[in-house]
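Report on one structure; see the data block that follows.
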Amino acid sequence: MHGWNGKLLRVDLAKGKAVAQEYDTTLAKNFLGGRGFAIKILWDELKSGIDAFSPENKLVFAAGPLTGFPLPSSGKLVVAAKSPLTRGYGDGNLGTMATVQLRKAGYDLIVVEGRSPEPAILRIDDDEAELLDGKDYWGLGAFETEKRLKEGHGRTSGVLAIGPAGENLVRFANVVSQEGRAGGRPGMGAVMGSKKLKAVVIKGSKTIPAADADKLKALGKEAYKEVLKKPNYDFWKRQGTMATIEWSQESSVLPTHNFREGVFDEAEAIGGFTMEKLKVSQRGCPQCNMTCGIVIEDENNLESELDYENVAMLGSNTGLGNLRQVAALNRLADDYGIDTISLGNVISFAMEASEKRLIDHEIGWGDFNEAKALAEDVVHRRGTGALLADGTEAAAQKLGGNASNWAMNIKGLEITGYDCHAAPGMALSYGTSPIGAHHKDAWVISWEMRVGREGYGEEKVDKVIEFQRIRGGMFECLTTCRLPWIEVGFELDWYPKFLKAATGVTMTMEDLFTIADRVYALMRAFWVREYKSRWSSTLDGLPARWYDEPITKGPFKGASLDREKYDSMLQLYYQKRGWDSRGIPKTKTLTNLGLRDVTQELSQYVKLTA
Ligand code: SF4
């Protein structure tokens, strides 16, 4: 095999063993890498209905066939498992040297099984893999863990770590690397914590086999230069994703006060131009010349790496209009290993619950000190923090009444930084995202603002599917970053060329989209296998707030979504995907995608439509 190493590392934490295994070439050709590998392994190897925190759950770290080569923004890693937050398929990606080192050590993925009796560190150094005693690291933040591991194992090592949030099984704990690169929103850090795996430290020194190494090198050189030439590049380097604060405010989609509004009175104070005045440096993922992590000094003069999502969710959504204070919450979340997006959501949920006098905890909109104390309580599962540590869906169920109407999640995963009162296309993107509400698969909102935001027409359904194929399929399986394409216009036709030079395999965009559809059908099958007869199209529906509580401010004052029109869009989406009216892939669709075996297993749990 070229491009792919053809090997995975299987780690049994209970037995304290790590074994290299070759995998079948059909896995590579049919599922490509990253998310594709992860869902195939989780589908094949997990039993339906297991507890996400049980030793039976498996944690997959998967790179793709381009990872580790000198190609633009190719230093990403997918981390996946059954999610303890949504109880469905969960994954996320992060940029990290660990993915480059993994590939150089000769592996494409790691599958972690079982549970260690004591805290452990997985060390990989080329062909050597062992479990080390992790007791001295347990309780440390993700930053200190990485620092100490690098001191012990070399500065160029790649490290993946969890913080106390993962150890304490906070259901939206994530995996952190390089003081600010984090991934696995649906609780992948908590799964790692349940396995008592504190960190992974990786070093590799091998050459990743390329089908045409000279061609790949020349293409990479040309591609990096092409990124630099894009007209948007200079402004991107100045602000990264932070420019989106101003855009979202102007477009009335900036989440504010727990998604009640789309405009925030203090938006300027947390926007990209304010950030530019505070910026002290810039960081990025390996192999990337777009370095979008903007670093400022926080309230405590400590460095904090910002992007749009964490500023929108910890800033405007909680009513906090002070960027250095937002940065302090953000740093705390990264170091504790807790997802900033869900953290912003649970804090704003608590603020609203406090305002409605549903909890015995005083916390007002924009109250930094209380928000910080609450974040720490979430990490340590204390007081109101314990209520919030299981996410907004579980918290709303405990509060009862109509709290679920304003618990802003879909399938249990908290919504990311776009208010959809007046953006039905983006709402569909959230509703049909394969991990619960997340923008990474189909960020259609910028396109939607240009074509007319009010419509619920077929073109929006088509755009969601097109973006899911590109972003959620191709990029998540190649594990390359989507931002060069979406943010500066780096053309998609580079990727089949990279793939050909790396692997020797010719794939057209159509071929890549077929893989994307296969991966999507399998992710959906995973959810259905978990939910069984409880699965229905209502799980792809939206929080009642977006239908029933119009926004009260800004140019879209009075706007809200139409429930019937959204449901019609959703049915059209299912038809186009070859799924039935419940959103379950039909037998014919699964068979055409080469997933006949899936129909046999799935039909044990639900009646499939031909
Ligand atoms: S654009 Fe940003 S997120 Fe993407 S690879 Fe580069 S630094 Fe990482």
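Ordering of the structure tokens sets the chain letters (A, B, ...); residue numbers start at 1 within each chain; ligands are numbered from 1 in the order shown.
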Could you please extract the residues within 12 Å of ligand 1, counting only C-alpha atoms and all ligand atoms, and hand them back as an mmCIF file with C-alpha atoms, in the first residue's frame?
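Full text of pocket-v4.cif as output:
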data_model
loop_
_atom_site.group_PDB
_atom_site.id
_atom_site.type_symbol
_atom_site.label_atom_id
_atom_site.label_comp_id
_atom_site.auth_asym_id
_atom_site.auth_seq_id
_atom_site.Cartn_x
_atom_site.Cartn_y
_atom_site.Cartn_z
ATOM 1 C CA THR A 67 -1.712 13.057 7.048
ATOM 2 C CA LEU A 71 0.461 19.297 2.151
ATOM 3 C CA PRO A 72 -1.618 22.309 3.233
ATOM 4 C CA SER A 73 -3.448 21.936 6.538
ATOM 5 C CA SER A 74 -3.024 18.152 6.638
ATOM 6 C CA GLY A 75 -2.163 17.807 10.341
ATOM 7 C CA LYS A 76 -5.563 16.755 11.687
ATOM 8 C CA LEU A 77 -6.680 13.698 13.640
ATOM 9 C CA ASN A 93 -11.080 16.470 14.910
ATOM 10 C CA LEU A 94 -8.075 18.339 16.188
ATOM 11 C CA GLY A 95 -4.832 19.562 14.670
ATOM 12 C CA THR A 96 -1.890 18.004 16.468
ATOM 13 C CA MET A 97 1.688 16.845 16.033
ATOM 14 C CA SER A 177 -3.142 19.056 22.335
ATOM 15 C CA GLN A 178 -0.710 21.961 22.056
ATOM 16 C CA GLY A 180 -5.512 25.131 22.519
ATOM 17 C CA ARG A 181 -6.104 22.527 19.837
ATOM 18 C CA ALA A 182 -9.038 20.494 21.100
ATOM 19 C CA GLY A 183 -11.444 17.992 19.592
ATOM 20 C CA TYR A 224 1.234 26.132 -0.231
ATOM 21 C CA VAL A 227 -2.904 29.366 -0.546
ATOM 22 C CA TYR A 233 -5.336 35.321 2.830
ATOM 23 C CA TRP A 236 -7.468 35.726 7.328
ATOM 24 C CA LYS A 237 -3.985 35.854 8.855
ATOM 25 C CA GLN A 239 -8.194 37.717 12.267
ATOM 26 C CA GLY A 240 -8.674 34.013 11.464
ATOM 27 C CA THR A 241 -12.233 32.952 12.280
ATOM 28 C CA MET A 242 -12.642 35.943 14.633
ATOM 29 C CA GLN A 282 -0.633 33.255 16.452
ATOM 30 C CA ARG A 283 -0.594 29.451 16.483
ATOM 31 C CA GLY A 284 -1.752 26.720 14.201
ATOM 32 C CA CYS A 285 -1.941 23.042 13.460
ATOM 33 C CA PRO A 286 1.030 21.222 11.953
ATOM 34 C CA GLN A 287 1.570 21.493 8.172
ATOM 35 C CA CYS A 288 -0.617 24.617 7.958
ATOM 36 C CA ASN A 289 0.271 28.034 6.578
ATOM 37 C CA MET A 290 -3.059 29.564 7.600
ATOM 38 C CA THR A 291 -2.375 29.434 11.386
ATOM 39 C CA CYS A 292 -5.764 30.576 12.644
ATOM 40 C CA GLY A 293 -5.288 30.291 16.419
ATOM 41 C CA ILE A 294 -5.145 33.883 17.630
ATOM 42 C CA GLU A 305 -6.004 30.899 21.942
ATOM 43 C CA LEU A 306 -9.252 32.243 20.525
ATOM 44 C CA ASP A 307 -11.496 31.456 17.625
ATOM 45 C CA TYR A 308 -15.015 32.437 16.653
ATOM 46 C CA GLU A 309 -16.836 29.540 18.250
ATOM 47 C CA LYS A 440 -18.430 21.297 10.823
ATOM 48 C CA PHE A 475 -12.344 16.409 4.570
ATOM 49 C CA THR A 479 -8.459 14.430 7.869
ATOM 50 C CA THR A 480 -7.356 17.605 6.149
ATOM 51 C CA CYS A 481 -8.704 20.955 7.319
ATOM 52 C CA ARG A 482 -11.656 22.373 5.413
ATOM 53 C CA LEU A 483 -10.728 25.998 6.143
ATOM 54 C CA PRO A 484 -8.331 26.600 3.203
ATOM 55 C CA TRP A 485 -11.234 25.709 0.906
ATOM 56 C CA ILE A 486 -14.092 27.469 2.656
ATOM 57 C CA GLU A 487 -12.228 30.517 3.956
ATOM 58 C CA VAL A 488 -9.722 31.455 1.263
ATOM 59 C CA PHE A 490 -8.289 26.877 -2.130
#
### Query
What's the 8 Å shell around A:Ile347, counting only C-alpha atoms, without same-chain residues fewer than 6 positions away, as a PyMOL selection string?
chain A and resi 318+371+374-375
Mind dumping the selected residues with C-alpha atoms as a CSV table (one decimal), in the first residue's frame?
chain,number,residue,atom,x,y,z
A,318,THR,CA,-23.5,34.3,28.1
A,371,ALA,CA,-19.4,32.1,35.2
A,374,LEU,CA,-19.6,27.7,37.7
A,375,ALA,CA,-17.2,26.4,35.0
### Message
Neighbouring residues of A:Ile110 were defined as those with any atom within 8 Å, considering only C-alpha atoms; residues of the same chain fewer than 5 positions away were excluded. Please report them as a list in words.
### Response
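Listing them by chain and then by number gives Leu8, Leu9, Arg10, Val11, Val60, Phe61 and Ala62 of chain A.
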Only all heavy atoms, please: the residues just picked out, written as a PDB file, in the first residue's frame.
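Once everything was written out, this is part15.pdb:
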ATOM      1  N   LEU A   8      -2.743  -0.612  12.061  1.00  0.00           N
ATOM      2  CA  LEU A   8      -3.332   0.082  13.201  1.00  0.00           C
ATOM      3  C   LEU A   8      -2.677  -0.451  14.471  1.00  0.00           C
ATOM      4  O   LEU A   8      -2.108  -1.548  14.476  1.00  0.00           O
ATOM      5  CB  LEU A   8      -4.855  -0.113  13.241  1.00  0.00           C
ATOM      6  CG  LEU A   8      -5.433  -1.515  13.386  1.00  0.00           C
ATOM      7  CD1 LEU A   8      -5.553  -1.919  14.848  1.00  0.00           C
ATOM      8  CD2 LEU A   8      -6.839  -1.546  12.766  1.00  0.00           C
ATOM      9  N   LEU A   9      -2.765   0.316  15.525  1.00  0.00           N
ATOM     10  CA  LEU A   9      -2.261  -0.141  16.824  1.00  0.00           C
ATOM     11  C   LEU A   9      -3.470  -0.417  17.708  1.00  0.00           C
ATOM     12  O   LEU A   9      -4.290   0.484  17.935  1.00  0.00           O
ATOM     13  CB  LEU A   9      -1.379   0.940  17.463  1.00  0.00           C
ATOM     14  CG  LEU A   9      -0.716   0.508  18.776  1.00  0.00           C
ATOM     15  CD1 LEU A   9       0.376  -0.536  18.507  1.00  0.00           C
ATOM     16  CD2 LEU A   9      -0.106   1.697  19.503  1.00  0.00           C
ATOM     17  N   ARG A  10      -3.597  -1.665  18.158  1.00  0.00           N
ATOM     18  CA  ARG A  10      -4.735  -2.014  19.017  1.00  0.00           C
ATOM     19  C   ARG A  10      -4.238  -2.094  20.456  1.00  0.00           C
ATOM     20  O   ARG A  10      -3.308  -2.849  20.761  1.00  0.00           O
ATOM     21  CB  ARG A  10      -5.353  -3.339  18.571  1.00  0.00           C
ATOM     22  CG  ARG A  10      -6.677  -3.627  19.219  1.00  0.00           C
ATOM     23  CD  ARG A  10      -7.329  -4.860  18.626  1.00  0.00           C
ATOM     24  NE  ARG A  10      -7.818  -4.656  17.274  1.00  0.00           N
ATOM     25  CZ  ARG A  10      -9.029  -4.176  16.971  1.00  0.00           C
ATOM     26  NH1 ARG A  10      -9.865  -3.855  17.934  1.00  0.00           N
ATOM     27  NH2 ARG A  10      -9.396  -4.014  15.712  1.00  0.00           N
ATOM     28  N   VAL A  11      -4.848  -1.282  21.311  1.00  0.00           N
ATOM     29  CA  VAL A  11      -4.374  -1.174  22.693  1.00  0.00           C
ATOM     30  C   VAL A  11      -5.434  -1.743  23.618  1.00  0.00           C
ATOM     31  O   VAL A  11      -6.578  -1.266  23.634  1.00  0.00           O
ATOM     32  CB  VAL A  11      -4.118   0.315  23.053  1.00  0.00           C
ATOM     33  CG1 VAL A  11      -3.600   0.434  24.480  1.00  0.00           C
ATOM     34  CG2 VAL A  11      -3.132   0.935  22.072  1.00  0.00           C
ATOM     35  N   VAL A  60     -11.275   5.557  19.152  1.00  0.00           N
ATOM     36  CA  VAL A  60     -10.470   5.446  17.932  1.00  0.00           C
ATOM     37  C   VAL A  60      -9.806   6.794  17.643  1.00  0.00           C
ATOM     38  O   VAL A  60     -10.473   7.836  17.661  1.00  0.00           O
ATOM     39  CB  VAL A  60     -11.374   5.056  16.733  1.00  0.00           C
ATOM     40  CG1 VAL A  60     -10.546   4.948  15.453  1.00  0.00           C
ATOM     41  CG2 VAL A  60     -12.104   3.751  17.003  1.00  0.00           C
ATOM     42  N   PHE A  61      -8.517   6.774  17.414  1.00  0.00           N
ATOM     43  CA  PHE A  61      -7.789   7.949  16.925  1.00  0.00           C
ATOM     44  C   PHE A  61      -7.389   7.623  15.492  1.00  0.00           C
ATOM     45  O   PHE A  61      -6.604   6.692  15.279  1.00  0.00           O
ATOM     46  CB  PHE A  61      -6.524   8.197  17.748  1.00  0.00           C
ATOM     47  CG  PHE A  61      -6.762   8.496  19.201  1.00  0.00           C
ATOM     48  CD1 PHE A  61      -6.647   7.493  20.157  1.00  0.00           C
ATOM     49  CD2 PHE A  61      -7.093   9.778  19.621  1.00  0.00           C
ATOM     50  CE1 PHE A  61      -6.851   7.756  21.509  1.00  0.00           C
ATOM     51  CE2 PHE A  61      -7.310  10.056  20.974  1.00  0.00           C
ATOM     52  CZ  PHE A  61      -7.188   9.051  21.915  1.00  0.00           C
ATOM     53  N   ALA A  62      -7.900   8.374  14.523  1.00  0.00           N
ATOM     54  CA  ALA A  62      -7.651   7.979  13.132  1.00  0.00           C
ATOM     55  C   ALA A  62      -7.123   9.129  12.285  1.00  0.00           C
ATOM     56  O   ALA A  62      -7.700  10.217  12.258  1.00  0.00           O
ATOM     57  CB  ALA A  62      -8.935   7.437  12.517  1.00  0.00           C
TER      58      ALA A  62
END
### Query
Could you state the separation of atom CA of A:Ala173 and atom CA of A:Gly189 in Å, given to one decimal place?
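Taking atom CA of A:Ala173 and atom CA of A:Gly189, their separation equals 4.7 Å.
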#### Entry: Spatial neighbours of A:Ala350, 12 Å, only C-alpha atoms, chain gap at least 3 places, as a PyMOL selection string
chain A and resi 257-258+317-318+343-347+353-367+370-371+374-375+378+383-389+391-392+395-396+399+403+406-408
### Shell of 12 Å around A:Arg260, only C-alpha atoms, local chain residues under 6 positions omitted, as a PyMOL selection string
chain A and resi 252-254+316-319+348-349+352+405-408+418-422+543-554+557-560
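Among the candidates A:Glu530, A:Asp562, A:Asp580, A:Asp517, the one nearest to A:Glu454 when counting only C-alpha atoms is A:Asp562.
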### Filtered DSSP result for stretch 55-209 of chain A, state strand (DSSP E or B), as a PyMOL selection string
chain A and resi 59-62+76-82+89-95+109-113+120-125+128-133+158-161+173+175-177+181-183+197-203
### Task
Would you kindly return, as a list in words, each protein, DNA or RNA residue with an atom no farther than 9 Å from any atom of A:Ala516, considering only C-alpha atoms and excluding same-chain residues fewer than 6 positions away?
Phe31, Gly36, Gln468, Arg469, Ile470, Gly472, Gly473, Met474 and Cys477 of chain A
May I have the selected residues written with N, CA, C and O atoms, as a tab-separated table (two decimals), in the first residue's frame?
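Output below, filename out27.tsv:
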chain	number	residue	atom	x	y	z
A	31	PHE	N	-13.39	3.41	2.81
A	31	PHE	CA	-13.66	4.36	3.90
A	31	PHE	C	-12.59	5.44	4.04
A	31	PHE	O	-12.71	6.34	4.86
A	36	GLY	N	-14.09	7.93	8.37
A	36	GLY	CA	-14.51	6.71	7.68
A	36	GLY	C	-14.00	5.48	8.42
A	36	GLY	O	-14.75	4.52	8.65
A	468	GLN	N	-22.20	18.51	3.21
A	468	GLN	CA	-21.93	17.32	4.05
A	468	GLN	C	-21.00	16.35	3.32
A	468	GLN	O	-20.13	15.73	3.93
A	469	ARG	N	-21.18	16.26	1.99
A	469	ARG	CA	-20.29	15.37	1.23
A	469	ARG	C	-18.86	15.89	1.24
A	469	ARG	O	-17.90	15.12	1.38
A	470	ILE	N	-18.73	17.20	1.07
A	470	ILE	CA	-17.38	17.78	0.99
A	470	ILE	C	-16.73	17.84	2.37
A	470	ILE	O	-15.64	17.34	2.59
A	472	GLY	N	-18.12	17.01	5.68
A	472	GLY	CA	-18.30	15.90	6.62
A	472	GLY	C	-17.79	14.58	6.06
A	472	GLY	O	-17.46	13.67	6.81
A	473	GLY	N	-17.74	14.50	4.72
A	473	GLY	CA	-17.25	13.28	4.08
A	473	GLY	C	-15.78	13.40	3.70
A	473	GLY	O	-14.90	12.88	4.39
A	474	MET	N	-15.51	14.12	2.61
A	474	MET	CA	-14.15	14.14	2.08
A	474	MET	C	-13.12	14.66	3.09
A	474	MET	O	-12.12	13.99	3.37
A	477	CYS	N	-12.67	12.46	6.23
A	477	CYS	CA	-12.03	11.16	5.96
A	477	CYS	C	-10.56	11.34	5.56
A	477	CYS	O	-9.71	10.54	5.94
### Message
Excluding stretch 14-20 of chain A and its own-chain neighbours fewer than 5 positions away, which residues fall within 10 Å of it when counting only C-alpha atoms? Please give them as a VMD selection string.
### Response
chain A and resid 7 to 9 55 106 to 107 110 to 118 120 122 to 124 127 to 132 195
### Message
Could you check the closest approach to A:Pro164 for each of A:Asp540, A:Val78, A:Asp335, A:Gly49 and tell me which residue wins, using only C-alpha atoms?
### Response
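Closest to A:Pro164 of all the choices is A:Asp335.
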## Note on the structure
From atom CA of A:Ile410 to atom CA of A:Gln397 the spacing works out at 14.0 Å
### Among listed residues A:Phe467, A:Val461, A:Thr432, A:Thr145, nearest A:Thr538 (using only C-alpha atoms)
A:Thr432
#### Entry: Residue nearest A:Asp265 among A:Leu228, A:Leu320, A:Val528, A:Ala63 (counting only C-alpha atoms)
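Looking at the shortest contact to A:Asp265, the residue is A:Leu320.
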### Task
Per DSSP on the backbone, filter stretch 243-439 of chain A down to the residues in alpha helix (DSSP H) and report them as number ranges by chain.
A: 243-250, 272-278, 308-314, 323-336, 340-355, 368-379, 384-388, 392-399, 424-432
